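> Quick one, work-v9.txt (compact mmCIF, C-alpha atoms):
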# COMPACT_ATOMS: atom_id res chain seq x y z
CA MET V 649 13.97 0.12 -3.66
CA ALA V 650 12.01 -3.14 -3.88
CA LYS V 651 12.02 -5.74 -1.10
CA ILE V 652 11.47 -9.37 -2.06
CA LEU V 653 10.79 -12.36 0.18
CA ILE V 654 11.97 -15.71 -1.23
CA VAL V 655 10.39 -18.74 0.46
CA GLU V 656 12.25 -21.82 -0.77
CA ASP V 657 13.53 -24.76 1.33
CA GLU V 658 16.22 -25.86 -1.12
CA ILE V 659 19.09 -23.52 -0.33
CA ASN V 660 20.80 -23.86 -3.71
CA ILE V 661 17.59 -22.90 -5.51
CA ALA V 662 16.98 -20.00 -3.09
CA SER V 663 20.52 -18.74 -3.60
CA GLY V 664 20.17 -19.07 -7.37
CA LEU V 665 16.99 -16.99 -7.31
CA GLU V 666 18.66 -14.37 -5.13
CA ASN V 667 21.63 -14.12 -7.50
CA ILE V 668 19.37 -13.68 -10.50
CA ILE V 669 17.37 -10.97 -8.72
CA LYS V 670 20.55 -9.16 -7.67
CA SER V 671 21.69 -9.24 -11.29
CA ILE V 672 18.62 -7.19 -12.15
CA ASP V 673 19.48 -4.54 -9.56
CA ARG V 674 22.01 -4.83 -6.73
CA ASN V 675 19.90 -2.47 -4.62
CA ILE V 676 16.97 -4.88 -4.41
CA THR V 677 16.66 -6.24 -0.87
CA THR V 678 16.11 -10.01 -0.70
CA THR V 679 15.16 -12.08 2.34
CA ILE V 680 15.20 -15.90 2.31
CA THR V 681 13.46 -18.51 4.45
CA GLY V 682 12.52 -22.13 3.90
CA TYR V 683 9.58 -22.17 6.31
CA ALA V 684 6.06 -20.89 5.73
CA GLU V 685 5.48 -20.05 9.39
CA GLN V 686 8.60 -17.90 9.51
CA ALA V 687 7.61 -16.29 6.21
CA CYS V 688 4.25 -15.27 7.72
CA SER V 689 6.03 -13.65 10.65
CA MET V 690 8.43 -11.82 8.34
CA ALA V 691 5.60 -10.62 6.11
CA SER V 692 3.69 -9.31 9.11
CA SER V 693 6.60 -7.40 10.63
CA ASP V 694 8.06 -6.03 7.39
CA ASP V 695 6.75 -4.66 4.07
CA PHE V 696 7.55 -6.65 0.94
CA ASP V 697 6.88 -5.69 -2.67
CA LEU V 698 7.03 -9.20 -4.15
CA PHE V 699 6.87 -12.80 -2.90
CA LEU V 700 8.53 -15.82 -4.54
CA LEU V 701 6.95 -18.91 -2.96
CA ASP V 702 7.86 -22.56 -3.44
CA ILE V 703 4.63 -24.56 -3.53
CA GLU V 704 6.15 -27.56 -1.70
CA LEU V 705 7.59 -26.32 1.63
CA LEU V 706 8.80 -28.19 4.71
CA ASP V 707 6.06 -27.17 7.14
CA TYR V 708 3.07 -26.50 4.86
CA SER V 709 2.35 -25.68 1.25
CA GLY V 710 3.14 -22.46 -0.54
CA LEU V 711 -0.50 -22.22 -1.56
CA GLU V 712 -1.54 -22.16 2.10
CA LEU V 713 1.16 -19.58 2.77
CA ALA V 714 -0.12 -17.41 -0.08
CA GLY V 715 -3.58 -17.62 1.45
CA GLU V 716 -2.21 -16.39 4.79
CA ILE V 717 -0.38 -13.55 3.06
CA ARG V 718 -3.56 -12.49 1.24
CA LYS V 719 -5.36 -12.26 4.59
CA MET V 720 -3.03 -9.39 5.51
CA GLU V 721 -4.67 -6.19 4.33
CA LYS V 722 -1.42 -4.66 3.10
CA TYR V 723 -0.80 -7.61 0.75
CA LYS V 724 -4.20 -7.85 -0.96
CA LEU V 725 -2.65 -6.95 -4.31
CA THR V 726 1.04 -7.62 -3.74
CA PRO V 727 2.45 -9.78 -6.58
CA ILE V 728 3.15 -13.45 -5.81
CA ILE V 729 5.24 -15.68 -8.06
CA PHE V 730 5.01 -19.41 -7.37
CA ILE V 731 7.96 -21.76 -7.84
CA THR V 732 6.83 -25.28 -8.64
CA ALA V 733 7.91 -28.60 -10.07
CA LEU V 734 4.27 -29.65 -10.31
CA PRO V 735 2.58 -27.65 -13.09
CA SER V 736 -0.81 -29.20 -12.32
CA LYS V 737 -1.11 -26.91 -9.31
CA GLU V 738 -0.67 -23.59 -11.10
CA LEU V 739 -4.30 -23.27 -12.18
CA LEU V 740 -5.40 -23.60 -8.57
CA ALA V 741 -2.90 -20.92 -7.60
CA PHE V 742 -4.13 -18.45 -10.22
CA LYS V 743 -7.79 -19.09 -9.39
CA GLU V 744 -7.69 -19.00 -5.61
CA ILE V 745 -4.70 -16.83 -4.68
CA HIS V 746 -4.56 -14.35 -7.58
CA CYS V 747 -1.00 -15.35 -8.45
CA TYR V 748 0.70 -13.09 -10.97
CA ASP V 749 3.10 -15.62 -12.47
CA TYR V 750 4.79 -18.96 -11.85
CA ILE V 751 8.19 -20.49 -12.52
CA VAL V 752 8.61 -24.20 -13.19
CA LYS V 753 11.68 -25.99 -11.81
CA PRO V 754 14.27 -26.46 -13.14
CA PHE V 755 14.08 -22.85 -14.28
CA LYS V 756 16.15 -20.84 -16.71
CA GLU V 757 17.72 -17.58 -15.63
CA GLU V 758 16.02 -15.56 -18.36
CA VAL V 759 12.61 -16.85 -17.27
CA VAL V 760 13.16 -15.67 -13.69
CA ARG V 761 14.60 -12.33 -14.82
CA ASP V 762 11.66 -11.69 -17.13
CA ALA V 763 9.03 -12.56 -14.52
CA VAL V 764 10.61 -10.52 -11.72
CA ASN V 765 11.64 -7.58 -13.89
CA THR V 766 8.17 -7.22 -15.39
CA ILE V 767 6.56 -6.99 -11.96
CA LEU V 768 9.18 -4.60 -10.60
CA LYS V 769 8.89 -2.38 -13.66
CA TYR V 770 5.12 -2.26 -14.05
CA GLY V 771 3.99 -3.63 -10.70
CA VAL V 772 0.65 -3.33 -9.06
CA LYS V 773 -0.53 -0.23 -7.29
CA LYS V 774 -0.21 -0.76 -3.57
CA GLU V 775 -2.41 0.88 -1.00
CA LYS V 776 -0.68 3.62 0.97
CA TYR V 777 -1.16 3.68 4.73
CA ILE V 778 -0.57 6.12 7.54
CA SER V 779 -0.22 5.23 11.22
CA PHE V 780 -1.35 7.24 14.25
CA ASP V 781 -0.23 6.81 17.85
CA LEU V 782 -3.47 6.74 19.84
CA LYS V 783 -2.00 6.60 23.36
CA ASP V 784 -2.43 2.87 24.09
CA PHE V 785 -1.99 1.54 20.55
CA MET V 786 -0.96 2.36 17.00
CA TYR V 787 -3.79 2.77 14.49
CA ARG V 788 -3.00 2.03 10.82
CA ILE V 789 -5.38 3.26 8.14
CA LYS V 790 -5.53 3.49 4.34
CA MET V 791 -4.79 7.01 3.15
CA ASP V 792 -7.45 6.80 0.44
CA ASP V 793 -10.10 6.15 3.12
CA ILE V 794 -9.39 9.55 4.70
CA ILE V 795 -11.68 12.37 3.54
CA TYR V 796 -10.18 15.29 5.46
CA PHE V 797 -8.26 16.46 8.54
CA GLU V 798 -9.44 19.34 10.70
CA ALA V 799 -7.47 21.17 13.40
CA VAL V 800 -9.72 21.38 16.45
CA GLN V 801 -8.12 23.33 19.29
CA ARG V 802 -5.01 21.28 20.13
CA LYS V 803 -6.14 18.10 18.43
CA ILE V 804 -6.61 16.89 14.86
CA GLU V 805 -9.92 15.36 13.82
CA VAL V 806 -9.54 12.61 11.21
CA VAL V 807 -12.64 11.99 9.11
CA THR V 808 -12.76 8.82 7.00
CA ILE V 809 -15.40 7.10 4.90
CA LYS V 810 -16.11 4.81 7.88
CA GLU V 811 -15.46 6.79 11.05
CA ARG V 812 -14.09 9.91 12.68
CA PHE V 813 -11.63 10.15 15.55
CA GLN V 814 -9.24 12.61 17.16
CA ILE V 815 -5.47 12.41 17.53
CA SER V 816 -3.20 14.38 19.85
CA GLY V 817 0.41 15.42 19.41
CA TYR V 818 0.08 16.02 15.65
CA THR V 819 -0.05 19.16 13.50
CA LEU V 820 -1.42 19.68 10.00
CA ASN V 821 2.04 20.74 8.85
CA GLY V 822 3.54 17.52 10.18
CA LEU V 823 0.81 15.35 8.69
CA GLN V 824 1.13 16.94 5.28
CA ASP V 825 4.72 15.70 5.03
CA GLN V 826 3.49 12.10 5.46
CA LEU V 827 0.51 12.22 3.11
CA ALA V 828 0.20 11.29 -0.56
CA ASN V 829 0.03 13.94 -3.29
CA ASN V 830 -3.77 13.80 -3.49
CA PHE V 831 -4.00 15.59 -0.10
CA ILE V 832 -3.92 19.38 -0.18
CA ARG V 833 -4.02 22.16 2.39
CA CYS V 834 -7.01 24.32 1.48
CA HIS V 835 -7.19 26.30 4.73
CA ARG V 836 -5.01 26.79 7.80
CA GLY V 837 -7.39 24.45 9.64
CA TYR V 838 -8.00 21.80 6.97
CA ILE V 839 -6.29 19.24 4.75
CA VAL V 840 -8.60 17.52 2.24
CA ASN V 841 -8.34 14.48 0.03
CA THR V 842 -8.94 15.67 -3.53
CA LEU V 843 -10.42 12.27 -4.41
CA TYR V 844 -13.56 13.27 -2.49
CA ILE V 845 -14.07 16.83 -3.76
CA SER V 846 -17.48 16.93 -5.43
CA ARG V 847 -18.06 20.67 -5.81
CA ILE V 848 -16.21 23.97 -5.50
CA ASP V 849 -18.22 27.10 -4.64
CA LYS V 850 -16.21 30.04 -6.01
CA VAL V 851 -18.59 32.58 -4.52
CA LEU V 852 -18.58 31.31 -0.94
CA ASN V 853 -15.06 29.82 -1.25
CA VAL V 854 -15.97 26.43 0.16
CA LEU V 855 -15.58 22.81 -0.90
CA ASP V 856 -18.20 20.08 -0.87
CA LEU V 857 -16.87 16.61 -0.11
CA GLU V 858 -18.42 13.21 -0.66
CA TYR V 859 -19.62 11.29 2.44
CA THR V 860 -20.06 14.49 4.47
CA ASP V 861 -22.34 17.54 4.50
CA ILE V 862 -19.77 19.88 5.99
CA LYS V 863 -18.61 22.88 3.96
CA ILE V 864 -14.80 23.04 3.95
CA PRO V 865 -13.52 26.65 3.77
CA ILE V 866 -10.90 27.67 1.23
CA GLY V 867 -8.41 30.12 2.69
CA ARG V 868 -7.45 33.04 0.48
CA SER V 869 -3.73 32.46 1.05
CA PHE V 870 -4.08 28.81 0.00
CA LYS V 871 -5.72 29.32 -3.40
CA ASP V 872 -2.45 29.74 -5.26
CA SER V 873 -0.93 26.66 -3.63
CA LEU V 874 -3.79 24.44 -4.73
CA GLY V 875 -2.25 24.21 -8.19
CA GLY V 876 -3.97 22.54 -11.11
CA VAL V 877 -6.66 20.93 -8.98
CA PHE V 878 -8.60 24.19 -8.89
CA ASN V 879 -7.40 26.04 -11.97
CA GLU V 880 -10.51 25.27 -13.96
CA SER V 881 -12.86 26.24 -11.16
CA PHE V 882 -11.15 29.40 -9.99
CA GLY V 883 -10.00 30.54 -13.40
CA ASP V 884 -6.56 31.89 -14.24
Using structure tokens, write down the structure from this file.

Amino acid sequence: MAKILIVEDEINIASGLENIIKSIDRNITTTITGYAEQACSMASSDDFDLFLLDIELLDYSGLELAGEIRKMEKYKLTPIIFITALPSKELLAFKEIHCYDYIVKPFKEEVVRDAVNTILKYGVKKEKYISFDLKDFMYRIKMDDIIYFEAVQRKIEVVTIKERFQISGYTLNGLQDQLANNFIRCHRGYIVNTLYISRIDKVLNVLDLEYTDIKIPIGRSFKDSLGGVFNESFGD
């Protein structure tokens, strides 16, 4: 269910927004703060699906806060709705921060409901990430940047569009449970991202992937589990 951060220093307005949001769906999680600095900390440590930001905050402006939020990779496309009593600032917000909507105070309930409900219903596609424990630190990476995984002895090699590295303590079976639907097991030693498949050799039973020259084998026992991705190439 969606998680929303409300950044508004007038408690009655913040509570009013929360009540309206809860009337849309009681399962929506709302968090409230009146300070931009605290909002940055919350955004960094948690994962929010929508931000409602007052432009005039106690410590610094909501526009500056939105800029800090946009610097976080995971929030590059996360919807932001500004709350303002100064309509002259909205154009700046749309131009510089890629704001999705704004609400002018004093606001009407139906205006808030419409703005929030539209974003929650149609939303913006968010990047999916996966994290790996690399002994001394956690490494977080976009799933769509990963080309394939290969089991190498007791380690897993992760090959991305930018780099390759090895992880210990993981299995392909365990990784597959964490990955998006565009990842498939094509061999007992490989998981590939179907977004990067450029060619399927039905004679040699190998895959060609973008960004790499390696031939990825297709295991006989995995052909049936590949589903519609390979139906056209392998035939019925």
> Determine, counting all atoms listed in the file, which protein, DNA and RNA residues have an atom within 6 Å of an atom of stretch 814-822 of chain V; residues of the same chain fewer than 4 positions away are not included. Present the result as an MDAnalysis selection string.
chainID V and resid 803:806
> Go through V:Thr860, V:Leu665, V:Glu716, V:Arg833 and flag the residue nearest V:Arg812, using only C-alpha atoms for the distances.
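With only C-alpha atoms as the atom set, the closest residue is V:Thr860.
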> Taking only C-alpha atoms into account, which of V:Ile717, V:Ile832, V:Ile669, V:Leu698 comes nearest V:Val759?
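Among V:Ile717, V:Ile832, V:Ile669, V:Leu698, it is V:Ile669 that comes nearest to V:Val759.
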> Rank nothing, just name the residue among V:Val655, V:Asn667, V:Leu700, V:Thr842 nearest to V:Ala684, using all atoms listed in the file.
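Using all atoms listed in the file, V:Ala684 sits closest to V:Val655.
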> Give me the residues within 7 Å of V:Phe831 as a list in words, counting all atoms listed in the file and dropping any in the same chain fewer than 4 places off.
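Skipping anything fewer than 4 positions along the chain leaves Leu827, Ile839, Val840, Asn841 and Thr842 of chain V.
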> If I take atom CA of V:Leu782 and atom CA of V:Val807, how far is one from the other in Å, to one decimal?
15.1 Å
> Would you pick out the contacts of V:Ala662 at 10 Å or less, using all atoms listed in the file, so that residues sharing its chain but fewer than 2 positions from it are not included, and give the list as a compact mmCIF listing (two decimals) with C-alpha atoms, in the coordinates of the input?

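Saved result, selection_1.txt, follows:
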# COMPACT_ATOMS: atom_id res chain seq x y z
CA ILE V 654 11.97 -15.71 -1.23
CA VAL V 655 10.39 -18.74 0.46
CA GLU V 656 12.25 -21.82 -0.77
CA ASP V 657 13.53 -24.76 1.33
CA GLU V 658 16.22 -25.86 -1.12
CA ILE V 659 19.09 -23.52 -0.33
CA ASN V 660 20.80 -23.86 -3.71
CA GLY V 664 20.17 -19.07 -7.37
CA LEU V 665 16.99 -16.99 -7.31
CA GLU V 666 18.66 -14.37 -5.13
CA ASN V 667 21.63 -14.12 -7.50
CA THR V 679 15.16 -12.08 2.34
CA ILE V 680 15.20 -15.90 2.31
CA THR V 681 13.46 -18.51 4.45
CA GLY V 682 12.52 -22.13 3.90
CA LEU V 700 8.53 -15.82 -4.54
CA ASP V 702 7.86 -22.56 -3.44
> What does the distance from atom CA of V:Arg868 to atom CA of V:Val851 come to in Å, to one decimal?
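For atom CA of V:Arg868 relative to atom CA of V:Val851, the distance reads 12.2 Å.
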> Hey, can you check how far atom CA of V:Lys651 sits from atom CA of V:Phe699?
8.9 Å
> Can you tell me which residues surround V:Glu757 at a distance of at most 12 Å, considering only C-alpha atoms, apart from same-chain residues fewer than 2 positions away, and format the answer as a ChimeraX atom specification?
/V:661,664-672,751-755,759-765
> Neighbouring residues of V:Leu857 were defined as those with any atom within 10 Å, considering only C-alpha atoms; residues of the same chain fewer than 6 positions away were excluded. Please report them as a VMD selection string.
chain V and resid 795 to 796 840 to 848 863 to 864
> Pick the closest to V:Ser709 from V:Ile731, V:Ile794, V:Ile767, V:Ala828: which is it, counting all atoms listed in the file?
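Selected residue with least distance to V:Ser709: V:Ile731.
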> Produce the centre coordinates and the three edge lengths, each in Å to one decimal, of the box along x, y and z that contains all listed atoms of stretch 718-725 of chain V with 4 Å added on each side, as AutoDock Vina command-line options.

--center_x -3.1 --center_y -8.6 --center_z 0.6 --size_x 12.6 --size_y 15.8 --size_z 17.8
> Could you add N, CA and C atoms to stretch 687-702 of chain V and give me the result as a PDB file, keeping the file's coordinate frame?

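Now in rebuild_17.pdb:
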ATOM      1  N   ALA V 687       7.937 -17.245   7.266  1.00  0.00           N
ATOM      2  CA  ALA V 687       7.610 -16.290   6.210  1.00  0.00           C
ATOM      3  C   ALA V 687       6.417 -15.422   6.616  1.00  0.00           C
ATOM      4  N   CYS V 688       5.415 -16.028   7.252  1.00  0.00           N
ATOM      5  CA  CYS V 688       4.250 -15.270   7.720  1.00  0.00           C
ATOM      6  C   CYS V 688       4.666 -14.203   8.725  1.00  0.00           C
ATOM      7  N   SER V 689       5.549 -14.592   9.644  1.00  0.00           N
ATOM      8  CA  SER V 689       6.030 -13.650  10.650  1.00  0.00           C
ATOM      9  C   SER V 689       6.802 -12.507  10.005  1.00  0.00           C
ATOM     10  N   MET V 690       7.658 -12.847   9.042  1.00  0.00           N
ATOM     11  CA  MET V 690       8.430 -11.820   8.340  1.00  0.00           C
ATOM     12  C   MET V 690       7.512 -10.875   7.572  1.00  0.00           C
ATOM     13  N   ALA V 691       6.521 -11.438   6.901  1.00  0.00           N
ATOM     14  CA  ALA V 691       5.600 -10.620   6.110  1.00  0.00           C
ATOM     15  C   ALA V 691       4.809  -9.670   6.996  1.00  0.00           C
ATOM     16  N   SER V 692       4.459 -10.135   8.181  1.00  0.00           N
ATOM     17  CA  SER V 692       3.690  -9.310   9.110  1.00  0.00           C
ATOM     18  C   SER V 692       4.497  -8.156   9.665  1.00  0.00           C
ATOM     19  N   SER V 693       5.777  -8.408   9.977  1.00  0.00           N
ATOM     20  CA  SER V 693       6.600  -7.400  10.630  1.00  0.00           C
ATOM     21  C   SER V 693       7.321  -6.465   9.667  1.00  0.00           C
ATOM     22  N   ASP V 694       7.367  -6.837   8.388  1.00  0.00           N
ATOM     23  CA  ASP V 694       8.060  -6.030   7.390  1.00  0.00           C
ATOM     24  C   ASP V 694       7.104  -5.700   6.255  1.00  0.00           C
ATOM     25  N   ASP V 695       7.571  -4.988   5.240  1.00  0.00           N
ATOM     26  CA  ASP V 695       6.750  -4.660   4.070  1.00  0.00           C
ATOM     27  C   ASP V 695       7.479  -5.103   2.818  1.00  0.00           C
ATOM     28  N   PHE V 696       6.932  -6.114   2.146  1.00  0.00           N
ATOM     29  CA  PHE V 696       7.550  -6.650   0.940  1.00  0.00           C
ATOM     30  C   PHE V 696       6.768  -6.235  -0.294  1.00  0.00           C
ATOM     31  N   ASP V 697       7.494  -6.101  -1.410  1.00  0.00           N
ATOM     32  CA  ASP V 697       6.880  -5.690  -2.670  1.00  0.00           C
ATOM     33  C   ASP V 697       6.597  -6.868  -3.592  1.00  0.00           C
ATOM     34  N   LEU V 698       7.187  -8.026  -3.298  1.00  0.00           N
ATOM     35  CA  LEU V 698       7.030  -9.200  -4.150  1.00  0.00           C
ATOM     36  C   LEU V 698       7.382 -10.451  -3.337  1.00  0.00           C
ATOM     37  N   PHE V 699       6.605 -11.524  -3.556  1.00  0.00           N
ATOM     38  CA  PHE V 699       6.870 -12.800  -2.900  1.00  0.00           C
ATOM     39  C   PHE V 699       7.180 -13.859  -3.964  1.00  0.00           C
ATOM     40  N   LEU V 700       8.241 -14.636  -3.739  1.00  0.00           N
ATOM     41  CA  LEU V 700       8.530 -15.820  -4.540  1.00  0.00           C
ATOM     42  C   LEU V 700       8.333 -17.022  -3.622  1.00  0.00           C
ATOM     43  N   LEU V 701       7.323 -17.830  -3.876  1.00  0.00           N
ATOM     44  CA  LEU V 701       6.950 -18.910  -2.960  1.00  0.00           C
ATOM     45  C   LEU V 701       7.065 -20.269  -3.634  1.00  0.00           C
ATOM     46  N   ASP V 702       7.838 -21.167  -3.010  1.00  0.00           N
ATOM     47  CA  ASP V 702       7.860 -22.560  -3.440  1.00  0.00           C
ATOM     48  C   ASP V 702       6.539 -23.196  -3.006  1.00  0.00           C
TER      49      ASP V 702
END
